[in-house]
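Undergrad: The structure under discussion is supplied below as structure tokens; questions concerning it will follow.
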Amino acid sequence: MQVSRKIFDTCVVFDLDDTLYPEHAFVSSALVATGKFAEEKWGLAGLGDAAQGLFHAGQRKELFQQAYRLLGHGEMEESKVQKLLEIYRGHRPESLPWFPDALEAIELLKPHATLGLISDGYLPTQRNKAEALGVQRWIPEPIFTEELGRQYWKPSPRAFELMMQRHPGLQYIYIADNPAKDFVAPNLLGWKTLQILRPEGQYQSVSPAVNGEAQIKLTDLREVVRHL
Ligand SMILES: [Mg+2]
């Protein structure tokens, strides 16, 4: 594919979950690990499978409590919920699958553009995901908003301002999937914003935040070079 010379002056910044890889792959892996823990430590069978079933049916909140009820055990003690959340959030998947178009786009851009990553979510969960994907091979200094402070999760502009300080004088583009929070700050700061529409993504149909609509929408990240 023809690469425009503008690419050399561009800082291309990616979101992580459902932009570079399917988040459900992490969720599945972490629920297996959590279910295994519950079975081995508490003799509680079937929790991981029940939670997975609920997740695939669209349930996003209180997965462990709901799974526990589904198994006929009533209310789960809060200390157990907290322990399972700890196992879930600390889970280190051995590997995670890239979206093939995301990996191809990054390999195409790497020799020319400055690459970055801005991701929300709990540490060390986000670090573990990035490590399982080998993100740092392409993006040596990812920014995890949680490192800056919980108040700096998107839509705060803090991480985007930090990216501009680290790589001054470039054009910036943010590529992400969730119009409810991802594009507000980069739109405000004059970045180009691009939403990747993933059929399996969680946020494809959420309403955009005020001033949070992406300027460009794509279904394949290999098309990104046309927009630089
Ligand atoms: Mg995302």
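Scheme for the structure tokens: letters A, B, ... for chains in order shown; per-chain residue numbers from 1; ligand numbers from 1 in order shown.
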Distance table requested - chain A against ligand 1, cut-off 8 Å, only C-alpha atoms and all ligand atoms: one row per qualifying residue with the closest atom pair and its distance in Å to one decimal, ordered by chain and rising residue number, as CSV.
TA:
```
residue,atom,partner,partner_atom_place_in_ligand_line,distance
A:Asp15,CA,ligand 1,1 (Mg),5.6
A:Leu16,CA,ligand 1,1 (Mg),5.6
A:Asp17,CA,ligand 1,1 (Mg),4.0
A:Asp18,CA,ligand 1,1 (Mg),4.8
A:Thr19,CA,ligand 1,1 (Mg),5.6
A:Ser119,CA,ligand 1,1 (Mg),7.6
A:Ala176,CA,ligand 1,1 (Mg),5.7
A:Asp177,CA,ligand 1,1 (Mg),5.0
A:Asn178,CA,ligand 1,1 (Mg),5.7
A:Asp182,CA,ligand 1,1 (Mg),7.7
A:Tyr203,CA,ligand 1,1 (Mg),7.9
```
Undergrad: Apply DSSP to the structure's backbone, then extract all residues of chain A labelled strand (DSSP E or B) and return them as JSON, numbers by chain.
TA: {"A": [10, 11, 12, 13, 14, 17, 21, 114, 115, 116, 117, 118, 119, 143, 144, 171, 172, 173, 174, 175, 176, 192, 193, 194, 195, 196, 216, 217, 218]}
Undergrad: Restricting it to N, CA and C atoms, dump the selection as a compact mmCIF listing (two decimals), in the first residue's frame.
TA:
```
# COMPACT_ATOMS: atom_id res chain seq x y z
N THR A 10 3.42 11.98 11.88
CA THR A 10 2.19 11.60 12.57
C THR A 10 2.47 10.69 13.75
N CYS A 11 1.76 10.95 14.83
CA CYS A 11 1.80 10.09 16.02
C CYS A 11 0.47 9.33 16.04
N VAL A 12 0.55 8.04 15.79
CA VAL A 12 -0.65 7.21 15.71
C VAL A 12 -0.82 6.49 17.06
N VAL A 13 -1.90 6.81 17.75
CA VAL A 13 -2.10 6.30 19.11
C VAL A 13 -3.31 5.37 19.13
N PHE A 14 -3.11 4.20 19.70
CA PHE A 14 -4.16 3.18 19.73
C PHE A 14 -4.72 3.01 21.14
N ASP A 17 -8.26 -2.49 24.36
CA ASP A 17 -9.37 -3.46 24.34
C ASP A 17 -10.33 -3.23 23.17
N TYR A 21 -7.15 -6.09 20.06
CA TYR A 21 -7.47 -7.51 20.27
C TYR A 21 -8.90 -7.60 20.83
N THR A 114 5.28 7.59 14.47
CA THR A 114 5.48 7.41 15.90
C THR A 114 4.23 6.73 16.44
N LEU A 115 4.42 5.63 17.16
CA LEU A 115 3.25 4.88 17.64
C LEU A 115 3.07 5.04 19.15
N GLY A 116 1.83 5.07 19.57
CA GLY A 116 1.54 5.19 21.00
C GLY A 116 0.32 4.37 21.38
N LEU A 117 0.11 4.23 22.69
CA LEU A 117 -1.06 3.52 23.20
C LEU A 117 -1.58 4.25 24.43
N ILE A 118 -2.89 4.48 24.48
CA ILE A 118 -3.53 5.04 25.68
C ILE A 118 -4.68 4.12 26.05
N SER A 119 -4.59 3.54 27.24
CA SER A 119 -5.59 2.55 27.66
C SER A 119 -6.07 2.80 29.08
N ILE A 143 0.83 4.29 27.53
CA ILE A 143 0.31 5.06 28.67
C ILE A 143 -0.94 4.37 29.20
N PHE A 144 -0.86 3.93 30.46
CA PHE A 144 -2.03 3.37 31.13
C PHE A 144 -2.56 4.47 32.05
N GLN A 171 1.36 15.58 14.09
CA GLN A 171 -0.10 15.45 13.98
C GLN A 171 -0.45 14.19 14.77
N TYR A 172 -1.61 14.21 15.37
CA TYR A 172 -1.97 13.08 16.24
C TYR A 172 -3.29 12.46 15.78
N ILE A 173 -3.33 11.15 15.90
CA ILE A 173 -4.58 10.46 15.60
C ILE A 173 -4.82 9.42 16.69
N TYR A 174 -6.06 9.33 17.16
CA TYR A 174 -6.41 8.31 18.16
C TYR A 174 -7.38 7.32 17.54
N ILE A 175 -7.03 6.05 17.68
CA ILE A 175 -7.83 4.97 17.10
C ILE A 175 -8.39 4.13 18.23
N ALA A 176 -9.71 4.04 18.32
CA ALA A 176 -10.33 3.36 19.45
C ALA A 176 -11.73 2.90 19.06
N LYS A 192 -6.99 13.98 15.15
CA LYS A 192 -7.89 13.23 14.28
C LYS A 192 -8.38 12.04 15.11
N THR A 193 -9.65 11.66 14.95
CA THR A 193 -10.15 10.52 15.73
C THR A 193 -10.78 9.50 14.79
N LEU A 194 -10.51 8.25 15.07
CA LEU A 194 -10.95 7.18 14.18
C LEU A 194 -11.55 6.05 15.02
N GLN A 195 -12.78 5.71 14.73
CA GLN A 195 -13.44 4.61 15.44
C GLN A 195 -13.37 3.34 14.60
N ILE A 196 -12.85 2.29 15.21
CA ILE A 196 -12.86 0.99 14.55
C ILE A 196 -14.14 0.25 14.97
N ILE A 216 -13.77 9.75 11.83
CA ILE A 216 -13.67 8.73 10.77
C ILE A 216 -14.10 7.39 11.38
N LYS A 217 -14.80 6.58 10.60
CA LYS A 217 -15.17 5.25 11.08
C LYS A 217 -14.70 4.21 10.06
N LEU A 218 -14.08 3.15 10.55
CA LEU A 218 -13.55 2.11 9.67
C LEU A 218 -13.92 0.74 10.21
```
Undergrad: Report as a PyMOL selection string: the residues of range 20-213 of chain A with a DSSP assignment of helix (DSSP H, G or I), based on the backbone of this structure.
TA: chain A and resi 23-42+47-56+63-70+78-90+100-109+125-133+135-137+145-148+150-152+158-166+184-188
Undergrad: Do you have the CA of Lys154 in chain A-CA of Pro93 in chain A distance handy?
TA: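 If I compute the distance from CA of Lys154 in chain A to CA of Pro93 in chain A, I get 24.8 Å.
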Undergrad: Using only C-alpha atoms, which of the listed residues (A:Gln126, A:Gln165, A:Gln215, A:Gln65) sits closest to Glu147 in chain A?
TA: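 Selected residue with least distance to Glu147 in chain A: A:Gln126.
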Undergrad: Could you tell me which of A:Val225, A:Glu104, A:Trp138, A:Leu123 comes closest to Ile7 in chain A if we count only C-alpha atoms?
TA: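 Once distances to Ile7 in chain A are computed over only C-alpha atoms, the minimum belongs to A:Val225.
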Undergrad: Could you pull the residues within 12 Å of range 86-92 of chain A, counting only C-alpha atoms, minus those fewer than 2 positions along the same chain, as a ChimeraX atom specification?
TA: /A:26-38,48,51,63-64,79-84,94-96,121-133
Undergrad: Using only C-alpha atoms, pick whichever of A:Gly58, A:Ala102, A:Leu47, A:Gly53 has the shortest atom-to-atom distance to Met76 in chain A.
TA: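 Smallest separation from Met76 in chain A among the options: A:Leu47.
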Undergrad: CA of Asp220 in chain A and CA of Asp101 in chain A are how many Å apart?
TA: 6.1 Å
Undergrad: Quick one: of A:Glu78, A:Ile139, A:Phe160, A:Tyr152, who's nearest to Trp191 in chain A, counting only C-alpha atoms?
TA: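 Going through A:Glu78, A:Ile139, A:Phe160, A:Tyr152 one by one, the smallest distance to Trp191 in chain A is for A:Phe160.
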Undergrad: So, with only C-alpha atoms as the atoms that count, which of A:Pro22, A:Arg198, A:Ala180, A:Gln59 lies closest to Pro97 in chain A?
TA: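 Checking each candidate against Pro97 in chain A, we get A:Pro22 as the closest.
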Undergrad: If we count only C-alpha atoms, what is near Pro157 in chain A at a cut-off of 12 Å, once residues fewer than 2 positions away on the same chain are taken out, given as a VMD selection string?
TA: chain A and resid 118 145 148 151 to 155 159 to 164 181 to 191
Undergrad: Report, in Å to a single decimal, how far apart CA of His227 in chain A and CA of Leu109 in chain A are.
TA: 12.3 Å
